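A.B. asks: Data: entry-v8.csv, CSV, C-alpha atoms.
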chain,number,residue,atom,x,y,z
I,1,MET,CA,-6.1,-22.1,-18.5
I,2,GLU,CA,-3.4,-19.7,-17.6
I,3,ASN,CA,-1.0,-21.5,-19.9
I,4,ASP,CA,-3.5,-21.2,-22.8
I,5,PHE,CA,-3.8,-17.5,-22.0
I,6,GLU,CA,-0.1,-17.1,-22.0
I,7,ASP,CA,-0.1,-18.5,-25.6
I,8,ILE,CA,-2.7,-16.0,-26.6
I,9,LYS,CA,-0.6,-13.3,-25.0
I,10,LYS,CA,2.4,-14.4,-27.0
I,11,ASP,CA,0.3,-14.2,-30.2
I,12,TRP,CA,-0.9,-10.8,-29.2
I,13,ASN,CA,2.6,-9.5,-28.4
I,14,SER,CA,4.0,-10.9,-31.7
I,15,GLY,CA,1.3,-8.9,-33.5
I,16,LYS,CA,3.0,-5.7,-32.3
I,17,LYS,CA,5.7,-6.0,-34.9
I,18,ASP,CA,3.0,-5.2,-37.6
I,19,PHE,CA,2.9,-1.7,-36.2
I,20,VAL,CA,6.6,-0.8,-36.2
I,21,ALA,CA,6.7,2.3,-38.5
I,22,ASN,CA,9.7,3.9,-40.0
I,23,SER,CA,10.2,7.7,-39.6
I,24,LYS,CA,8.8,8.4,-43.1
I,25,GLU,CA,5.5,6.5,-42.3
I,26,THR,CA,5.3,8.3,-38.9
I,27,GLU,CA,5.7,11.7,-40.6
I,28,GLU,CA,3.0,10.8,-43.1
I,29,LYS,CA,0.6,9.8,-40.4
I,30,MET,CA,1.3,12.9,-38.4
I,31,THR,CA,0.6,15.0,-41.5
I,32,LEU,CA,-2.7,13.2,-42.0
I,33,ILE,CA,-3.7,13.6,-38.3
I,34,LYS,CA,-3.0,17.4,-38.6
I,35,LYS,CA,-5.2,17.6,-41.7
I,36,LYS,CA,-8.1,15.7,-40.2
I,37,ARG,CA,-7.8,17.7,-37.0
I,38,LYS,CA,-8.6,20.8,-38.9
I,39,GLU,CA,-11.5,19.2,-40.8
I,40,ASN,CA,-13.1,17.9,-37.5
I,41,SER,CA,-13.7,21.4,-36.1
I,42,MET,CA,-16.4,22.2,-38.7
I,43,PHE,CA,-18.2,18.8,-38.3
I,44,TYR,CA,-20.6,19.9,-35.5
I,45,TYR,CA,-22.1,22.9,-37.2
I,46,GLY,CA,-23.2,21.5,-40.6
I,47,THR,CA,-26.9,21.4,-39.8
I,48,VAL,CA,-26.8,24.8,-38.0
I,49,ILE,CA,-25.2,26.4,-41.1
I,50,ILE,CA,-27.9,24.9,-43.5
I,51,LEU,CA,-30.7,26.1,-41.2
I,52,LEU,CA,-29.1,29.6,-40.9
I,53,ILE,CA,-28.9,29.8,-44.7
I,54,THR,CA,-32.5,28.8,-45.0
I,55,LEU,CA,-33.5,31.4,-42.4
I,56,VAL,CA,-31.6,34.2,-44.2
I,57,VAL,CA,-33.1,33.2,-47.6
I,58,ILE,CA,-36.7,33.1,-46.3
I,59,SER,CA,-36.2,36.4,-44.3
I,60,LEU,CA,-34.8,38.2,-47.4
I,61,PHE,CA,-37.6,36.8,-49.6
I,62,PHE,CA,-40.3,38.1,-47.3
I,63,TYR,CA,-38.6,41.4,-46.8
I,64,TYR,CA,-37.6,42.3,-50.3
I,65,VAL,CA,-39.4,40.1,-52.8
I,66,ALA,CA,-42.8,39.4,-51.2
I,67,PRO,CA,-43.5,41.6,-48.2
I,68,VAL,CA,-46.9,40.2,-47.1
I,69,LYS,CA,-49.6,42.7,-45.9
I,70,ASN,CA,-52.5,40.6,-44.5
I,71,ILE,CA,-52.5,39.8,-40.8
I,72,LEU,CA,-53.0,36.1,-41.5
I,73,SER,CA,-50.0,36.1,-43.9
I,74,ARG,CA,-47.9,37.9,-41.3
I,75,ILE,CA,-48.7,35.3,-38.7
I,76,GLY,CA,-47.7,32.7,-41.3
I,77,VAL,CA,-44.3,34.3,-41.9
I,78,LEU,CA,-43.8,34.6,-38.1
I,79,LEU,CA,-44.6,30.9,-37.7
I,80,MET,CA,-42.1,29.9,-40.5
I,81,ILE,CA,-39.3,32.1,-39.2
I,82,GLY,CA,-40.0,31.3,-35.6
I,83,SER,CA,-40.0,27.6,-36.3
I,84,LEU,CA,-36.6,27.9,-37.9
I,85,LEU,CA,-35.2,30.0,-35.1
I,86,ILE,CA,-36.4,27.4,-32.5
I,87,ARG,CA,-34.9,24.6,-34.6
I,88,ILE,CA,-31.5,26.4,-34.8
I,89,ALA,CA,-31.5,27.0,-31.0
I,90,ILE,CA,-32.2,23.3,-30.3
I,91,GLU,CA,-29.5,22.3,-32.7
I,92,LEU,CA,-27.0,24.6,-30.9
I,93,ALA,CA,-28.1,23.1,-27.6
I,94,SER,CA,-27.5,19.7,-29.1
I,95,VAL,CA,-24.0,20.6,-30.2
I,96,ARG,CA,-23.3,22.0,-26.7
I,97,LYS,CA,-24.5,18.7,-25.1
I,98,LEU,CA,-22.4,16.7,-27.6
I,99,LYS,CA,-19.3,18.7,-26.8
I,100,LYS,CA,-19.8,17.9,-23.1
I,101,ILE,CA,-19.1,14.2,-23.8
I,102,ASN,CA,-15.6,13.9,-22.5
I,103,LYS,CA,-13.5,11.1,-23.9
I,104,GLU,CA,-11.2,11.5,-20.9
I,105,ASP,CA,-13.9,10.2,-18.6
I,106,SER,CA,-14.2,6.6,-17.6
I,107,ALA,CA,-16.1,4.4,-20.0
I,108,LEU,CA,-19.1,4.1,-17.6
I,109,LYS,CA,-19.4,7.9,-17.2
I,110,SER,CA,-18.9,8.4,-20.9
I,111,ILE,CA,-21.7,5.9,-21.8
I,112,GLU,CA,-24.0,7.5,-19.3
I,113,THR,CA,-23.4,11.0,-20.8
I,114,LEU,CA,-24.1,9.4,-24.3
I,115,ILE,CA,-27.4,7.9,-23.0
I,116,SER,CA,-28.4,11.3,-21.8
I,117,PHE,CA,-27.4,12.9,-25.1
I,118,HIS,CA,-29.3,10.4,-27.2
I,119,SER,CA,-32.4,10.6,-25.0
I,120,PHE,CA,-32.3,14.4,-25.7
I,121,ARG,CA,-31.9,13.7,-29.5
I,122,LYS,CA,-34.9,11.4,-29.4
I,123,LEU,CA,-37.0,14.1,-27.7
I,124,ILE,CA,-35.9,16.5,-30.4
I,125,HIS,CA,-37.0,14.2,-33.2
I,126,SER,CA,-40.3,13.4,-31.5
I,127,PRO,CA,-42.3,15.4,-30.5
I,128,ILE,CA,-40.3,18.6,-30.9
I,129,SER,CA,-39.4,18.3,-34.6
I,130,ILE,CA,-42.9,17.2,-35.5
I,131,ILE,CA,-44.4,20.3,-33.7
I,132,ILE,CA,-41.8,22.6,-35.4
I,133,ILE,CA,-42.5,21.2,-38.9
I,134,SER,CA,-46.3,21.4,-38.2
I,135,ALA,CA,-46.0,25.1,-37.2
I,136,TYR,CA,-43.8,25.8,-40.3
I,137,THR,CA,-46.4,24.0,-42.5
I,138,LEU,CA,-49.3,25.9,-41.0
I,139,GLY,CA,-47.3,29.2,-41.5
I,140,PHE,CA,-46.7,28.2,-45.2
I,141,TYR,CA,-50.4,27.6,-45.8
I,142,LEU,CA,-51.5,30.8,-44.0
I,143,ILE,CA,-49.6,32.8,-46.6
I,144,THR,CA,-51.3,31.0,-49.5
I,145,PRO,CA,-54.5,33.1,-49.6
I,146,GLU,CA,-52.5,36.4,-50.0
I,147,PHE,CA,-50.2,34.8,-52.6
I,148,SER,CA,-53.2,33.6,-54.6
I,149,LEU,CA,-53.9,37.3,-55.4
I,150,TYR,CA,-50.6,37.7,-57.2
I,151,ILE,CA,-50.0,34.3,-58.9
I,152,SER,CA,-52.0,32.1,-61.1
I,153,PHE,CA,-54.2,29.4,-59.7
I,154,TRP,CA,-52.2,26.5,-61.2
I,155,MET,CA,-48.9,28.0,-60.0
I,156,LEU,CA,-50.4,28.1,-56.5
I,157,VAL,CA,-51.6,24.5,-56.8
I,158,LEU,CA,-48.1,23.5,-58.0
I,159,ILE,CA,-46.4,25.3,-55.0
I,160,ASP,CA,-48.9,23.8,-52.5
I,161,LEU,CA,-48.4,20.3,-53.9
I,162,SER,CA,-44.7,20.5,-54.0
I,163,TYR,CA,-44.7,21.5,-50.4
I,164,VAL,CA,-46.7,18.3,-49.6
I,165,VAL,CA,-43.8,16.3,-51.2
I,166,VAL,CA,-41.3,18.3,-49.1
I,167,ALA,CA,-43.4,17.6,-45.9
I,168,ILE,CA,-43.5,13.9,-46.7
I,169,VAL,CA,-39.7,13.8,-47.1
I,170,LEU,CA,-39.2,15.7,-43.8
I,171,PHE,CA,-41.5,13.3,-41.9
I,172,MET,CA,-39.7,10.3,-43.4
I,173,ASN,CA,-36.4,11.8,-42.3
I,174,ILE,CA,-37.7,12.4,-38.8
I,175,SER,CA,-39.0,8.8,-38.7
I,176,LYS,CA,-35.5,7.6,-39.8
I,177,GLY,CA,-33.9,9.8,-37.2
I,178,ILE,CA,-36.1,8.4,-34.4
I,179,LYS,CA,-35.3,4.8,-35.4
I,180,LYS,CA,-31.5,5.6,-35.5
I,181,GLU,CA,-31.6,7.3,-32.1
I,182,MET,CA,-33.6,4.4,-30.6
I,183,LYS,CA,-31.1,1.9,-32.0
I,184,THR,CA,-28.1,3.9,-30.6
I,185,LEU,CA,-29.9,4.3,-27.3
I,186,SER,CA,-30.5,0.6,-26.9
I,187,ASP,CA,-26.9,-0.1,-28.0
I,188,MET,CA,-25.6,2.3,-25.3
I,189,ILE,CA,-27.9,0.9,-22.6
I,190,LYS,CA,-26.7,-2.6,-23.5
I,191,LEU,CA,-23.1,-1.4,-23.2
I,192,ARG,CA,-23.8,0.0,-19.8
I,193,GLU,CA,-25.4,-3.3,-18.7
I,194,ASP,CA,-22.4,-5.3,-20.0
I,195,LEU,CA,-20.1,-3.0,-18.0
I,196,VAL,CA,-21.9,-3.0,-14.7
I,197,GLU,CA,-23.2,-6.6,-14.7
Q,1,MET,CA,6.8,21.0,-20.1
Q,2,PRO,CA,7.7,20.7,-23.8
Q,3,THR,CA,5.6,22.2,-26.5
Q,4,SER,CA,2.3,20.5,-27.3
Q,5,LYS,CA,3.6,19.3,-30.7
Q,6,ALA,CA,6.7,17.8,-29.2
Q,7,SER,CA,4.6,16.1,-26.5
Q,8,PHE,CA,2.3,14.8,-29.0
Q,9,GLU,CA,5.1,13.4,-31.1
Q,10,GLU,CA,6.5,11.7,-28.0
Q,11,ILE,CA,3.1,10.2,-27.2
Q,12,TYR,CA,2.6,9.0,-30.8
Q,13,LYS,CA,6.0,7.4,-30.8
Q,14,ASN,CA,5.5,5.6,-27.5
Q,15,HIS,CA,1.9,4.6,-27.7
Q,16,HIS,CA,0.9,4.2,-31.4
Q,17,THR,CA,1.4,0.4,-31.3
Q,18,MET,CA,-0.9,0.0,-28.3
Q,19,ILE,CA,-3.6,2.3,-29.7
Q,20,SER,CA,-3.4,0.8,-33.2
Q,21,GLN,CA,-3.5,-2.8,-32.0
Q,22,MET,CA,-6.4,-2.1,-29.6
Q,23,CYS,CA,-8.4,-0.5,-32.5
Q,24,LEU,CA,-7.6,-3.4,-34.8
Q,25,GLY,CA,-8.8,-5.9,-32.2
Q,26,PHE,CA,-12.0,-3.9,-31.6
Q,27,VAL,CA,-12.9,-4.0,-35.4
Q,28,LYS,CA,-12.0,-7.7,-35.9
Q,29,GLY,CA,-8.8,-7.1,-37.7
Q,30,ASN,CA,-10.1,-4.7,-40.3
Q,31,THR,CA,-7.1,-2.5,-41.0
Q,32,GLU,CA,-9.0,0.4,-42.8
Q,33,LEU,CA,-11.5,0.8,-39.9
Q,34,ALA,CA,-8.7,0.5,-37.4
Q,35,ASN,CA,-6.7,3.2,-39.1
Q,36,ASP,CA,-9.7,5.5,-39.0
Q,37,LEU,CA,-10.3,4.8,-35.3
Q,38,SER,CA,-6.7,5.2,-34.3
Q,39,GLN,CA,-6.5,8.5,-36.2
Q,40,GLU,CA,-9.5,9.7,-34.3
Q,41,VAL,CA,-7.9,8.7,-31.0
Q,42,PHE,CA,-4.7,10.7,-31.9
Q,43,ILE,CA,-6.8,13.8,-32.9
Q,44,ILE,CA,-8.5,13.7,-29.5
Q,45,ILE,CA,-5.1,13.3,-27.8
Q,46,TRP,CA,-3.7,16.2,-29.6
Q,47,ASN,CA,-6.7,18.4,-28.9
Q,48,LYS,CA,-6.8,17.5,-25.2
Q,49,LEU,CA,-3.0,17.5,-24.6
Q,50,SER,CA,-2.8,21.1,-23.5
Q,51,THR,CA,-5.5,20.5,-20.8
Q,52,TYR,CA,-4.2,17.1,-19.6
Q,53,GLU,CA,-4.1,17.4,-15.8
Q,54,ALA,CA,-2.0,14.3,-14.9
Q,55,LYS,CA,-4.7,13.0,-12.5
Q,56,SER,CA,-3.8,9.6,-13.8
Q,57,SER,CA,-0.8,8.3,-15.7
Q,58,VAL,CA,-0.5,9.2,-19.4
Q,59,LYS,CA,-1.1,5.6,-20.3
Q,60,THR,CA,-4.3,5.4,-18.3
Q,61,TRP,CA,-5.4,8.7,-19.9
Q,62,ILE,CA,-4.7,7.3,-23.4
Q,63,TYR,CA,-6.5,4.1,-22.6
Q,64,ARG,CA,-9.6,6.1,-21.5
Q,65,ILE,CA,-9.6,8.0,-24.8
Q,66,THR,CA,-9.0,4.9,-26.9
Q,67,VAL,CA,-11.8,2.9,-25.1
Q,68,ASN,CA,-14.3,5.8,-25.3
Q,69,THR,CA,-13.4,6.4,-29.0
Q,70,CYS,CA,-14.0,2.7,-29.8
Q,71,LEU,CA,-17.3,2.6,-27.9
Q,72,GLN,CA,-18.5,5.9,-29.4
Q,73,HIS,CA,-17.7,4.6,-32.9
Q,74,ILE,CA,-20.6,2.1,-32.4
Q,75,ARG,CA,-23.2,4.9,-32.4
Q,76,LYS,CA,-21.7,6.6,-35.5
Q,77,GLU,CA,-21.8,3.3,-37.4
Q,78,SER,CA,-25.0,2.0,-35.8
Q,79,LYS,CA,-26.3,0.9,-39.2
Q,80,THR,CA,-23.2,-1.1,-40.1
Q,81,LYS,CA,-23.5,-4.7,-39.2
Q,82,ILE,CA,-20.0,-5.1,-37.9
Q,83,TYR,CA,-20.7,-2.9,-34.9
Q,84,SER,CA,-24.3,-4.0,-34.2
Q,85,ILE,CA,-24.6,-5.5,-30.8
Q,86,SER,CA,-27.5,-7.7,-31.8
Q,87,ASP,CA,-25.8,-9.0,-34.9
Q,88,LYS,CA,-22.2,-9.2,-33.5
Q,89,ASN,CA,-21.6,-12.6,-35.1
Q,90,GLU,CA,-22.4,-11.5,-38.6
Q,91,SER,CA,-19.4,-9.6,-39.6
Q,92,THR,CA,-19.5,-8.6,-43.3
Q,93,THR,CA,-16.0,-7.1,-43.4
Q,94,GLU,CA,-13.1,-9.3,-44.2
Q,95,PRO,CA,-9.6,-8.0,-43.9
Q,96,THR,CA,-7.1,-9.0,-46.5
Q,97,GLU,CA,-4.7,-11.8,-45.7
Q,98,GLU,CA,-1.5,-9.9,-46.3
Q,99,GLU,CA,-2.6,-7.2,-43.8
Q,100,ASN,CA,-1.9,-9.2,-40.7
Q,101,SER,CA,-0.2,-12.5,-40.1
Q,102,ASP,CA,-2.5,-15.5,-39.9
Q,103,ASN,CA,-2.2,-16.0,-36.1
Q,104,ASN,CA,-2.9,-12.4,-35.3
Q,105,LEU,CA,-5.8,-12.1,-37.8
Q,106,GLY,CA,-7.3,-15.2,-36.1
Q,107,LEU,CA,-6.8,-13.6,-32.7
Q,108,TYR,CA,-8.3,-10.2,-33.7
Q,109,LYS,CA,-11.3,-12.0,-35.2
Q,110,ALA,CA,-11.7,-14.1,-32.1
Q,111,ILE,CA,-11.5,-10.9,-29.9
Q,112,GLY,CA,-14.1,-9.4,-32.3
Q,113,GLU,CA,-16.5,-12.2,-31.5
Q,114,LEU,CA,-16.6,-11.0,-27.9
Q,115,ARG,CA,-19.0,-8.3,-26.7
Q,116,GLU,CA,-17.7,-4.8,-27.3
Q,117,MET,CA,-16.9,-4.1,-23.7
Q,118,ASP,CA,-15.2,-7.5,-23.2
Q,119,ARG,CA,-13.0,-6.9,-26.3
Q,120,LEU,CA,-11.6,-3.7,-24.8
Q,121,LEU,CA,-11.2,-5.2,-21.4
Q,122,ILE,CA,-9.3,-8.3,-22.5
Q,123,MET,CA,-7.0,-6.3,-24.8
Q,124,MET,CA,-6.0,-4.3,-21.7
Q,125,VAL,CA,-5.3,-7.6,-20.0
Q,126,LEU,CA,-3.3,-8.8,-23.0
Q,127,ASP,CA,-1.3,-5.5,-22.7
Q,128,ASP,CA,-0.4,-6.5,-19.1
Q,129,GLN,CA,-2.5,-3.7,-17.5
Q,130,ASN,CA,-3.3,-4.3,-13.8
Q,131,ASN,CA,-6.8,-4.5,-12.4
Q,132,ASP,CA,-6.5,-1.0,-10.9
Q,133,THR,CA,-5.8,0.6,-14.2
Q,134,ILE,CA,-8.6,-1.4,-15.9
Q,135,ALA,CA,-11.0,-0.4,-13.2
Q,136,ASN,CA,-9.9,3.3,-13.5
Q,137,VAL,CA,-10.3,3.2,-17.3
Q,138,LEU,CA,-13.8,1.5,-17.3
Q,139,GLY,CA,-15.1,3.2,-14.2
Q,140,ILE,CA,-16.2,0.0,-12.5
Q,141,LYS,CA,-15.4,-1.6,-9.1
Q,142,HIS,CA,-12.1,-3.3,-8.8
Q,143,SER,CA,-13.8,-6.4,-7.3
Q,144,SER,CA,-15.8,-7.1,-10.4
Q,145,ILE,CA,-12.8,-6.9,-12.7
Q,146,ARG,CA,-11.3,-10.3,-11.7
Q,147,VAL,CA,-14.6,-12.1,-12.3
Q,148,LYS,CA,-15.1,-10.4,-15.7
Q,149,ILE,CA,-11.5,-11.3,-16.8
Q,150,HIS,CA,-12.0,-14.9,-15.8
Q,151,ARG,CA,-15.2,-15.1,-17.8
Q,152,ILE,CA,-13.8,-13.4,-20.9
Q,153,LYS,CA,-10.6,-15.5,-20.9
Q,154,ASN,CA,-12.8,-18.7,-20.9
Q,155,ARG,CA,-15.0,-17.3,-23.7
Q,156,LEU,CA,-11.9,-16.2,-25.8
Q,157,LYS,CA,-10.3,-19.6,-25.4
Q,158,LYS,CA,-13.6,-21.3,-26.4
Q,159,ILE,CA,-13.8,-19.1,-29.5
Q,160,LEU,CA,-10.2,-19.8,-30.5
Q,161,THR,CA,-10.6,-23.5,-29.9
Q,162,ASN,CA,-13.8,-23.8,-32.0
Q,163,GLY,CA,-12.4,-21.6,-34.7
Q,164,LYS,CA,-9.3,-23.6,-35.3
Output the file's structure in the form of structure tokens.
C.D. replies:
Amino acid sequence: MENDFEDIKKDWNSGKKDFVANSKETEEKMTLIKKKRKENSMFYYGTVIILLITLVVISLFFYYVAPVKNILSRIGVLLMIGSLLIRIAIELASVRKLKKINKEDSALKSIETLISFHSFRKLIHSPISIIIISAYTLGFYLITPEFSLYISFWMLVLIDLSYVVVAIVLFMNISKGIKKEMKTLSDMIKLREDLVE
Amino acid sequence: MPTSKASFEEIYKNHHTMISQMCLGFVKGNTELANDLSQEVFIIIWNKLSTYEAKSSVKTWIYRITVNTCLQHIRKESKTKIYSISDKNESTTEPTEEENSDNNLGLYKAIGELREMDRLLIMMVLDDQNNDTIANVLGIKHSSIRVKIHRIKNRLKKILTNGK
């Protein structure tokens, strides 16, 4: 058995010659690493930036373009903006948790931190995201009666129906997100089992 | 202590073979994926270099980063079959013949047939790392390492024999 493994080891060591790089190749790789290092720093905040832009656009719309007057509409606006604010706060908390995963830890500790992170993400997708989208949707429809005073009936129907399409896409995304988190969670749990067995 | 850039260049020079080969073995000899993974490892090393506390040797520290980066890549690519734990025998990615010599490609593919954790462990054994270092990198008891290594060696031999 040991002799067999010594042969495998020889093959392994002979494979090292494939990685001998000349100084030009090394320099090129170093340049690429430098470039990618800069790109990575923005990776975490993509969703937060999109949500913030949405928040700013909606806030400006209700402040300058369509400042609603009815109490029901105002509750609607508060629900929409509040939902977005909560979602941004959760996303920032998620980034914070993700950054806590330290790749200098042992594999076991790192996997356990990952399991905790993905359990948190699963909780965000369901039920938190569903509650947030429901509140946002309720807010949207609470504004509808006041809007109907200023726009034509068919335009209102068009807006309401298009929102239904958006809501369906959002729920499909949540469902996809839940499945993905479940798959990752089960992979990580399996890895932990393999490690401690 | 030299500057961070100089230290990084030194680490790159001394350890890029070990990191690249480990990444290649983890992704069944697929050069493109292995390059992406090893680049990610080097980015983390560079970012963490200024806070490295020397609690363990540089090599152990680099192994930890490499192992964690490989394992965490599974979650990023959870939809890709090559990394799926449940479908581990159904690799859809074939490296080109000229990328690695035949023997080594066969070995990387055989290592790729092992479970993810076993791949990383056996590659550290192939790199002549002792049980203390492996236990330190993986965070498991020293006593269980020997049993694991014995089991993985048997499995790897079986894969290589059946594959030839």
A.B. asks: List every residue of chain Q that has an atom at most 7 Å from any atom of chain I, and for each one report the closest atom pair and its distance in Å to one decimal, counting only C-alpha atoms, with rows sorted by chain and then by increasing residue number, as CSV.
C.D. replies:
residue,atom,partner,partner_atom,distance
Q:Thr17,CA,I:Phe19,CA,5.5
Q:Gln39,CA,I:Ile33,CA,6.2
Q:Ile43,CA,I:Arg37,CA,5.7
Q:Trp61,CA,I:Glu104,CA,6.5
Q:Arg64,CA,I:Glu104,CA,5.7
Q:Ile65,CA,I:Lys103,CA,5.1
Q:Val67,CA,I:Ala107,CA,6.8
Q:Asn68,CA,I:Lys103,CA,5.5
Q:Thr69,CA,I:Lys103,CA,6.9
Q:Arg75,CA,I:Thr184,CA,5.3
Q:Ser78,CA,I:Thr184,CA,6.3
Q:Ile85,CA,I:Asp187,CA,6.5
Q:Asn103,CA,I:Asp11,CA,6.7
Q:Asn104,CA,I:Gly15,CA,5.8
Q:Met117,CA,I:Leu195,CA,6.6
Q:Leu126,CA,I:Lys9,CA,5.6
Q:Asn136,CA,I:Ser106,CA,6.8
Q:Val137,CA,I:Ser106,CA,5.2
Q:Leu138,CA,I:Ala107,CA,4.6
Q:Gly139,CA,I:Ser106,CA,4.9
Q:Ile140,CA,I:Val196,CA,6.8
A.B. asks: How about saving the chosen residues, C-alpha atoms kept, as an mmCIF file, in the frame of the given file?
C.D. replies:
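Result saved to again12.cif:
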data_model
loop_
_atom_site.group_PDB
_atom_site.id
_atom_site.type_symbol
_atom_site.label_atom_id
_atom_site.label_comp_id
_atom_site.auth_asym_id
_atom_site.auth_seq_id
_atom_site.Cartn_x
_atom_site.Cartn_y
_atom_site.Cartn_z
ATOM 1 C CA THR Q 17 1.400 0.400 -31.300
ATOM 2 C CA GLN Q 39 -6.500 8.500 -36.200
ATOM 3 C CA ILE Q 43 -6.800 13.800 -32.900
ATOM 4 C CA TRP Q 61 -5.400 8.700 -19.900
ATOM 5 C CA ARG Q 64 -9.600 6.100 -21.500
ATOM 6 C CA ILE Q 65 -9.600 8.000 -24.800
ATOM 7 C CA VAL Q 67 -11.800 2.900 -25.100
ATOM 8 C CA ASN Q 68 -14.300 5.800 -25.300
ATOM 9 C CA THR Q 69 -13.400 6.400 -29.000
ATOM 10 C CA ARG Q 75 -23.200 4.900 -32.400
ATOM 11 C CA SER Q 78 -25.000 2.000 -35.800
ATOM 12 C CA ILE Q 85 -24.600 -5.500 -30.800
ATOM 13 C CA ASN Q 103 -2.200 -16.000 -36.100
ATOM 14 C CA ASN Q 104 -2.900 -12.400 -35.300
ATOM 15 C CA MET Q 117 -16.900 -4.100 -23.700
ATOM 16 C CA LEU Q 126 -3.300 -8.800 -23.000
ATOM 17 C CA ASN Q 136 -9.900 3.300 -13.500
ATOM 18 C CA VAL Q 137 -10.300 3.200 -17.300
ATOM 19 C CA LEU Q 138 -13.800 1.500 -17.300
ATOM 20 C CA GLY Q 139 -15.100 3.200 -14.200
ATOM 21 C CA ILE Q 140 -16.200 0.000 -12.500
#
A.B. asks: So that I can check the surroundings of Leu49 in chain Q, please list as a CSV table (one decimal) with C-alpha atoms, in the frame of the given file every protein, DNA and RNA residue that reaches within 8 Å of it, counting all atoms listed in the file and ignoring chain neighbours fewer than 3 positions away.
C.D. replies:
chain,number,residue,atom,x,y,z
Q,4,SER,CA,2.3,20.5,-27.3
Q,7,SER,CA,4.6,16.1,-26.5
Q,8,PHE,CA,2.3,14.8,-29.0
Q,45,ILE,CA,-5.1,13.3,-27.8
Q,46,TRP,CA,-3.7,16.2,-29.6
Q,52,TYR,CA,-4.2,17.1,-19.6
A.B. asks: Quote the spacing between CA of Met182 in chain I and CA of Ser119 in chain I in Å to one decimal place.
C.D. replies: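 Going from CA of Met182 in chain I over to CA of Ser119 in chain I covers 8.4 Å.
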A.B. asks: Kindly give the distance, in Å, that separates CA of Glu40 in chain Q and CA of Ile174 in chain I, rounded to a single decimal.
C.D. replies: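 Those two atoms sit 28.7 Å apart.
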A.B. asks: Rank nothing, just name the residue among Q:Gln129, Q:Ser144, Q:Ser57, Q:Ser38 nearest to Leu24 in chain Q, using all atoms listed in the file.
C.D. replies: Q:Ser38
A.B. asks: Using all atoms listed in the file, can you tell me which of Q:Leu160, Q:His142, Q:Asp127, Q:Leu37 comes closest to Gln72 in chain Q?
C.D. replies: Q:Leu37
A.B. asks: Just how far from CA of Thr144 in chain I is CA of Pro127 in chain I, in Å to one decimal?
C.D. replies: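 Computing the Euclidean distance for CA of Pro127 in chain I and CA of Thr144 in chain I yields 26.2 Å.
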